[in-house]
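Novice: Here you go, protein_25.csv (CSV, C-alpha atoms):
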chain,number,residue,atom,x,y,z
S,28,ASP,CA,0.2,-19.0,3.6
S,29,VAL,CA,0.2,-15.8,5.7
S,30,LYS,CA,-2.4,-13.3,4.8
S,31,VAL,CA,-4.5,-10.2,5.5
S,32,THR,CA,-8.2,-10.7,5.0
S,33,GLN,CA,-10.7,-8.0,4.4
S,34,SER,CA,-14.3,-9.0,5.0
S,35,SER,CA,-15.8,-7.6,1.8
S,36,ARG,CA,-14.5,-7.1,-1.7
S,37,TYR,CA,-17.3,-4.8,-2.8
S,38,LEU,CA,-19.8,-2.8,-0.7
S,39,VAL,CA,-22.6,-0.4,-1.5
S,40,LYS,CA,-23.9,1.7,1.3
S,41,ARG,CA,-26.3,4.7,1.6
S,42,THR,CA,-25.4,8.2,2.7
S,43,GLY,CA,-25.7,8.5,6.5
S,44,GLU,CA,-25.2,4.7,7.2
S,45,LYS,CA,-22.7,3.5,9.7
S,46,VAL,CA,-20.2,1.3,7.9
S,47,PHE,CA,-17.8,-1.2,9.3
S,48,LEU,CA,-14.8,-2.5,7.3
S,49,GLU,CA,-13.1,-5.5,8.9
S,50,CYS,CA,-9.5,-6.6,8.6
S,51,VAL,CA,-7.9,-9.7,10.0
S,52,GLN,CA,-4.3,-10.9,9.9
S,53,ASP,CA,-2.9,-14.2,10.9
S,54,MET,CA,0.8,-13.3,11.3
S,55,ASP,CA,0.8,-11.9,14.9
S,56,HIS,CA,1.8,-8.5,13.5
S,57,GLU,CA,2.0,-5.6,15.9
S,58,ASN,CA,1.2,-2.9,13.3
S,59,MET,CA,-2.0,-2.6,11.3
S,60,PHE,CA,-3.0,0.2,8.9
S,61,TRP,CA,-6.0,1.4,7.0
S,62,TYR,CA,-5.5,3.3,3.7
S,63,ARG,CA,-7.7,4.7,1.1
S,64,GLN,CA,-6.7,4.8,-2.6
S,65,ASP,CA,-8.1,7.3,-5.1
S,66,PRO,CA,-7.1,7.9,-8.7
S,67,GLY,CA,-4.4,10.5,-9.0
S,68,LEU,CA,-3.9,10.6,-5.2
S,69,GLY,CA,-2.3,7.2,-4.5
S,70,LEU,CA,-2.6,5.6,-1.1
S,71,ARG,CA,-3.3,7.8,1.9
S,72,LEU,CA,-3.1,6.7,5.5
S,73,ILE,CA,-6.3,7.0,7.5
S,74,TYR,CA,-5.4,5.4,10.8
S,75,PHE,CA,-2.9,2.9,12.1
S,76,SER,CA,-2.4,0.9,15.3
S,77,TYR,CA,0.8,-0.4,16.8
S,78,ASP,CA,-0.8,-2.5,19.5
S,79,VAL,CA,-4.1,-3.7,20.9
S,80,LYS,CA,-6.3,-0.7,21.9
S,81,MET,CA,-3.7,1.7,20.5
S,82,LYS,CA,-4.4,3.9,17.5
S,83,GLU,CA,-2.9,6.9,15.8
S,84,LYS,CA,-4.3,9.3,13.2
S,85,GLY,CA,-2.9,9.1,9.8
S,86,ASP,CA,-3.0,11.8,7.1
S,87,ILE,CA,-6.8,11.8,6.5
S,88,PRO,CA,-8.7,10.6,9.7
S,89,GLU,CA,-11.7,13.0,9.4
S,90,GLY,CA,-14.9,11.1,9.1
S,91,TYR,CA,-13.4,7.8,10.3
S,92,SER,CA,-12.7,5.9,13.5
S,93,VAL,CA,-11.0,2.6,14.2
S,94,SER,CA,-11.1,-0.2,16.7
S,95,ARG,CA,-8.5,-2.7,17.7
S,96,GLU,CA,-9.8,-4.9,20.5
S,97,LYS,CA,-7.7,-8.0,19.5
S,98,LYS,CA,-4.2,-8.1,18.0
S,99,GLU,CA,-5.4,-9.8,14.8
S,100,ARG,CA,-8.4,-7.6,14.0
S,101,PHE,CA,-8.4,-3.9,13.0
S,102,SER,CA,-11.8,-2.3,12.1
S,103,LEU,CA,-12.4,0.9,10.2
S,104,ILE,CA,-15.7,2.7,11.0
S,105,LEU,CA,-17.4,5.3,8.9
S,106,GLU,CA,-19.7,6.9,11.4
S,107,SER,CA,-22.0,8.5,8.8
S,108,ALA,CA,-21.0,7.5,5.3
S,109,SER,CA,-20.8,10.3,2.7
S,110,THR,CA,-20.4,10.1,-1.1
S,111,ASN,CA,-16.9,11.5,-0.8
S,112,GLN,CA,-15.9,8.4,1.1
S,113,THR,CA,-16.5,6.3,-2.0
S,114,SER,CA,-13.1,4.7,-2.5
S,115,MET,CA,-10.9,1.6,-2.5
S,116,TYR,CA,-9.9,0.8,1.1
S,117,LEU,CA,-6.8,-1.3,1.8
S,118,CYS,CA,-5.7,-2.8,5.1
S,119,ALA,CA,-2.1,-3.8,5.8
S,120,SER,CA,-0.1,-5.3,8.6
S,121,ALA,CA,3.6,-5.4,9.5
S,122,ARG,CA,5.8,-6.6,12.3
S,123,GLY,CA,7.3,-3.8,14.3
S,124,GLY,CA,10.7,-2.4,13.3
S,125,PRO,CA,12.2,-1.1,10.0
S,126,SER,CA,13.4,-4.5,8.8
S,127,TYR,CA,10.0,-6.0,8.2
S,128,GLY,CA,7.8,-5.9,5.1
S,129,TYR,CA,4.2,-5.1,4.8
S,130,THR,CA,1.4,-7.5,3.8
S,131,PHE,CA,-1.7,-6.0,2.2
S,132,GLY,CA,-5.3,-7.2,2.0
S,133,SER,CA,-7.2,-7.5,-1.3
S,134,GLY,CA,-9.0,-4.2,-0.7
S,135,THR,CA,-12.7,-3.2,-0.3
S,136,ARG,CA,-14.3,-1.1,-3.0
S,137,LEU,CA,-16.8,1.0,-1.1
S,138,THR,CA,-19.5,2.9,-3.0
S,139,VAL,CA,-21.7,5.4,-1.0
S,140,VAL,CA,-24.8,6.3,-2.9
J,30,LYS,CA,6.6,18.5,-3.8
J,31,ASN,CA,5.8,14.9,-3.1
J,32,GLU,CA,8.3,13.1,-0.9
J,33,VAL,CA,8.2,10.1,-3.2
J,34,GLU,CA,8.2,10.7,-7.0
J,35,GLN,CA,7.9,8.0,-9.6
J,36,SER,CA,8.6,8.2,-13.3
J,37,PRO,CA,7.2,7.6,-15.8
J,38,GLN,CA,3.5,7.8,-14.7
J,39,ASN,CA,2.4,5.5,-17.5
J,40,LEU,CA,4.3,3.2,-19.7
J,41,THR,CA,3.2,1.0,-22.6
J,42,ALA,CA,5.6,-1.7,-23.8
J,43,GLN,CA,5.7,-4.6,-26.2
J,44,GLU,CA,6.1,-8.1,-24.9
J,45,GLY,CA,9.8,-9.0,-24.4
J,46,GLU,CA,11.0,-5.5,-23.8
J,47,PHE,CA,13.3,-4.5,-20.9
J,48,ILE,CA,11.4,-2.1,-18.6
J,49,THR,CA,12.8,0.3,-16.0
J,50,ILE,CA,10.6,2.1,-13.4
J,51,ASN,CA,12.2,4.9,-11.4
J,52,CYS,CA,11.6,6.2,-7.9
J,53,SER,CA,13.2,9.2,-6.2
J,54,TYR,CA,12.6,10.2,-2.6
J,55,SER,CA,13.5,13.3,-0.5
J,56,VAL,CA,13.3,12.0,3.1
J,57,GLY,CA,15.6,9.8,5.2
J,58,ILE,CA,14.5,6.2,5.0
J,59,SER,CA,15.1,2.9,6.7
J,60,ALA,CA,13.7,0.8,3.8
J,61,LEU,CA,12.1,1.1,0.3
J,62,HIS,CA,9.3,-1.1,-0.9
J,63,TRP,CA,8.3,-1.9,-4.4
J,64,LEU,CA,4.6,-3.0,-4.6
J,65,GLN,CA,2.5,-4.4,-7.4
J,66,GLN,CA,-1.2,-3.9,-7.9
J,67,HIS,CA,-3.2,-5.6,-10.6
J,68,PRO,CA,-6.5,-4.0,-11.9
J,69,GLY,CA,-9.2,-4.4,-9.2
J,70,GLY,CA,-6.8,-6.3,-7.0
J,71,GLY,CA,-5.0,-6.0,-3.8
J,72,ILE,CA,-1.4,-5.0,-3.4
J,73,VAL,CA,1.5,-7.5,-3.4
J,74,SER,CA,4.9,-6.7,-2.0
J,75,LEU,CA,7.6,-7.4,-4.5
J,76,PHE,CA,10.7,-6.2,-2.7
J,77,MET,CA,11.9,-4.5,0.4
J,78,LEU,CA,15.4,-3.1,0.3
J,79,SER,CA,17.7,-0.8,2.2
J,80,SER,CA,20.8,-1.1,0.1
J,81,GLY,CA,22.2,-2.7,-3.0
J,82,LYS,CA,20.2,-4.9,-5.3
J,83,LYS,CA,17.7,-7.7,-5.0
J,84,LYS,CA,16.5,-10.2,-7.7
J,85,HIS,CA,13.4,-12.4,-7.9
J,86,GLY,CA,12.7,-14.1,-11.2
J,87,ARG,CA,12.6,-11.5,-14.0
J,88,LEU,CA,12.4,-8.6,-11.5
J,89,ILE,CA,15.4,-6.7,-10.2
J,90,ALA,CA,15.3,-3.8,-7.7
J,91,THR,CA,18.2,-1.5,-7.0
J,92,ILE,CA,18.7,1.3,-4.6
J,93,ASN,CA,21.2,4.1,-4.3
J,94,ILE,CA,21.0,5.6,-0.8
J,95,GLN,CA,23.3,8.5,-1.5
J,96,GLU,CA,21.3,9.6,-4.6
J,97,LYS,CA,18.0,8.7,-2.9
J,98,HIS,CA,16.9,6.8,-6.0
J,99,SER,CA,15.6,3.3,-6.7
J,100,SER,CA,14.8,1.4,-9.9
J,101,LEU,CA,12.7,-1.6,-10.6
J,102,HIS,CA,13.7,-3.5,-13.8
J,103,ILE,CA,11.6,-6.1,-15.5
J,104,THR,CA,13.4,-8.3,-18.0
J,105,ALA,CA,11.6,-10.1,-20.9
J,106,SER,CA,8.3,-8.4,-20.1
J,107,HIS,CA,5.0,-10.2,-20.4
J,108,PRO,CA,1.4,-9.1,-20.6
J,109,ARG,CA,0.8,-10.5,-17.1
J,110,ASP,CA,3.3,-7.9,-15.9
J,111,SER,CA,0.6,-5.3,-16.7
J,112,ALA,CA,-0.1,-3.6,-13.3
J,113,VAL,CA,0.4,-0.5,-11.3
J,114,TYR,CA,3.9,-0.4,-9.6
J,115,ILE,CA,4.1,1.6,-6.5
J,116,CYS,CA,7.2,2.8,-4.7
J,117,ALA,CA,6.9,3.4,-0.9
J,118,VAL,CA,9.5,4.4,1.6
J,119,ARG,CA,9.6,3.8,5.4
J,120,ASP,CA,10.3,7.3,6.7
J,121,THR,CA,12.8,7.4,9.6
J,122,GLN,CA,11.7,10.8,10.9
J,123,GLY,CA,10.3,10.7,14.4
J,124,GLY,CA,10.7,6.9,14.5
J,125,SER,CA,7.5,6.5,12.4
J,126,GLU,CA,6.4,3.1,11.3
J,127,LYS,CA,4.5,4.6,8.4
J,128,LEU,CA,5.0,4.2,4.7
J,129,VAL,CA,5.1,7.2,2.3
J,130,PHE,CA,3.8,6.2,-1.1
J,131,GLY,CA,4.5,7.4,-4.6
J,132,LYS,CA,1.5,7.7,-6.8
J,133,GLY,CA,2.3,4.6,-8.8
J,134,MET,CA,3.2,3.9,-12.4
J,135,LYS,CA,0.7,2.1,-14.7
J,136,LEU,CA,2.5,-0.4,-16.9
J,137,THR,CA,0.7,-2.0,-19.9
J,138,VAL,CA,2.6,-4.8,-21.8
J,139,ASN,CA,1.0,-5.6,-25.1
J,140,PRO,CA,1.4,-9.0,-26.7
In structure tokens, write the structure found in this file.
Specialist:
Amino acid sequence: DVKVTQSSRYLVKRTGEKVFLECVQDMDHENMFWYRQDPGLGLRLIYFSYDVKMKEKGDIPEGYSVSREKKERFSLILESASTNQTSMYLCASARGGPSYGYTFGSGTRLTVV
Amino acid sequence: KNEVEQSPQNLTAQEGEFITINCSYSVGISALHWLQQHPGGGIVSLFMLSSGKKKHGRLIATINIQEKHSSLHITASHPRDSAVYICAVRDTQGGSEKLVFGKGMKLTVNP
């Protein structure tokens, strides 16, 4: 069964910590995405990548960075976690082109205290 | 104005009822997705469609490209259908690969 795996389901971090969220897909997809989901705001795109070592900013990249050293892995990095980054983080992947669907991970609920 | 609007925002139904969830969008699209998210869970893709109608089990999705509108129908609803249903469109502007999401509709089906 094809899937997108996020390394943690729940995470609690302290303000100022550097946080790594990992996402791995086993479908050889070119595109990978990081979203955050907040009540009343829906899903918002943080960053996406369309190839290894390639990345583009989404709608809310401030306070985040990403890394894609291998095709199957896309990491989201919070350089210095803040309480307003408490959220549900969802990773997704998709094959390139408009005809292909997206596969989402199970999400990581991050709490910054 | 949001590019993708869903209505209603919340819906409570009784088991067995026929349910319709609507989605309107204002941008040119290459495809529209219906997604399902159970409480505390990840997102599952239900349908991707660019024209006409698709059916899977008790779920039917339709799209009218001219009217920029899509509907998701659930027949013989069941409490396990309780979830948030999200409409998302693949925006064709600038050759983007990105999805634009609606805010979702929370469905509660009571036994």
Novice: Take atom CA of J:Leu40 and atom CA of J:Tyr114 and report the distance between them in Å, one decimal.
Specialist: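 One can read the atom CA of J:Leu40 to atom CA of J:Tyr114 distance as 10.7 Å.
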Novice: Residues near S:Cys50, anyone? I mean within 12 Å using all atoms listed in the file, not counting same-chain ones fewer than 6 positions away, as a PDB file with C-alpha atoms, keeping the file's coordinate frame.
Specialist:
ATOM      1  CA  LYS S  30      -2.400 -13.300   4.800  1.00  0.00           C
ATOM      2  CA  VAL S  31      -4.500 -10.200   5.500  1.00  0.00           C
ATOM      3  CA  THR S  32      -8.200 -10.700   5.000  1.00  0.00           C
ATOM      4  CA  GLN S  33     -10.700  -8.000   4.400  1.00  0.00           C
ATOM      5  CA  SER S  34     -14.300  -9.000   5.000  1.00  0.00           C
ATOM      6  CA  SER S  35     -15.800  -7.600   1.800  1.00  0.00           C
ATOM      7  CA  ARG S  36     -14.500  -7.100  -1.700  1.00  0.00           C
ATOM      8  CA  MET S  59      -2.000  -2.600  11.300  1.00  0.00           C
ATOM      9  CA  PHE S  60      -3.000   0.200   8.900  1.00  0.00           C
ATOM     10  CA  TRP S  61      -6.000   1.400   7.000  1.00  0.00           C
ATOM     11  CA  TYR S  62      -5.500   3.300   3.700  1.00  0.00           C
ATOM     12  CA  VAL S  93     -11.000   2.600  14.200  1.00  0.00           C
ATOM     13  CA  SER S  94     -11.100  -0.200  16.700  1.00  0.00           C
ATOM     14  CA  ARG S  95      -8.500  -2.700  17.700  1.00  0.00           C
ATOM     15  CA  LYS S  97      -7.700  -8.000  19.500  1.00  0.00           C
ATOM     16  CA  LYS S  98      -4.200  -8.100  18.000  1.00  0.00           C
ATOM     17  CA  GLU S  99      -5.400  -9.800  14.800  1.00  0.00           C
ATOM     18  CA  ARG S 100      -8.400  -7.600  14.000  1.00  0.00           C
ATOM     19  CA  PHE S 101      -8.400  -3.900  13.000  1.00  0.00           C
ATOM     20  CA  SER S 102     -11.800  -2.300  12.100  1.00  0.00           C
ATOM     21  CA  LEU S 103     -12.400   0.900  10.200  1.00  0.00           C
ATOM     22  CA  ILE S 104     -15.700   2.700  11.000  1.00  0.00           C
ATOM     23  CA  TYR S 116      -9.900   0.800   1.100  1.00  0.00           C
ATOM     24  CA  LEU S 117      -6.800  -1.300   1.800  1.00  0.00           C
ATOM     25  CA  CYS S 118      -5.700  -2.800   5.100  1.00  0.00           C
ATOM     26  CA  ALA S 119      -2.100  -3.800   5.800  1.00  0.00           C
ATOM     27  CA  SER S 120      -0.100  -5.300   8.600  1.00  0.00           C
ATOM     28  CA  THR S 130       1.400  -7.500   3.800  1.00  0.00           C
ATOM     29  CA  PHE S 131      -1.700  -6.000   2.200  1.00  0.00           C
ATOM     30  CA  GLY S 132      -5.300  -7.200   2.000  1.00  0.00           C
ATOM     31  CA  SER S 133      -7.200  -7.500  -1.300  1.00  0.00           C
ATOM     32  CA  GLY S 134      -9.000  -4.200  -0.700  1.00  0.00           C
ATOM     33  CA  THR S 135     -12.700  -3.200  -0.300  1.00  0.00           C
TER      34      THR S 135
END
Novice: Near J:Gly45, within 9 Å and counting only C-alpha atoms, which residues show up once chain neighbours fewer than 6 positions away are dropped, as a list in words?
Specialist: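 Listing them by chain and then by number gives Thr104, Ala105, Ser106, His107, Val138 and Pro140 of chain J.
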Novice: At most 8 Å is the cut-off: for each residue in chain J with any atom that close to an atom of chain S, write down the nearest atom pair and the distance in Å rounded to one decimal, counting only C-alpha atoms, chain first then increasing number, as a Markdown table.
Specialist:
| residue | atom | partner | partner_atom | distance |
| --- | --- | --- | --- | --- |
| J:Ser59 | CA | S:Pro125 | CA | 5.9 |
| J:Ala60 | CA | S:Pro125 | CA | 6.7 |
| J:His62 | CA | S:Gly128 | CA | 7.8 |
| J:Gly70 | CA | S:Ser133 | CA | 5.8 |
| J:Gly71 | CA | S:Ser133 | CA | 3.7 |
| J:Ile72 | CA | S:Phe131 | CA | 5.7 |
| J:Val73 | CA | S:Phe131 | CA | 6.6 |
| J:Ser74 | CA | S:Thr130 | CA | 6.8 |
| J:Met77 | CA | S:Gly128 | CA | 6.4 |
| J:Arg119 | CA | S:Pro125 | CA | 7.2 |
| J:Glu126 | CA | S:Gly124 | CA | 7.3 |
| J:Phe130 | CA | S:Leu70 | CA | 6.4 |
| J:Gly131 | CA | S:Gly69 | CA | 6.8 |
| J:Lys132 | CA | S:Gly69 | CA | 4.5 |
| J:Gly133 | CA | S:Gly69 | CA | 6.8 |
Novice: So what do you get for atom CA of J:Gly57 versus atom CA of J:His102, distance-wise?
Specialist: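 Between atom CA of J:Gly57 and atom CA of J:His102 the gap works out to 23.3 Å.
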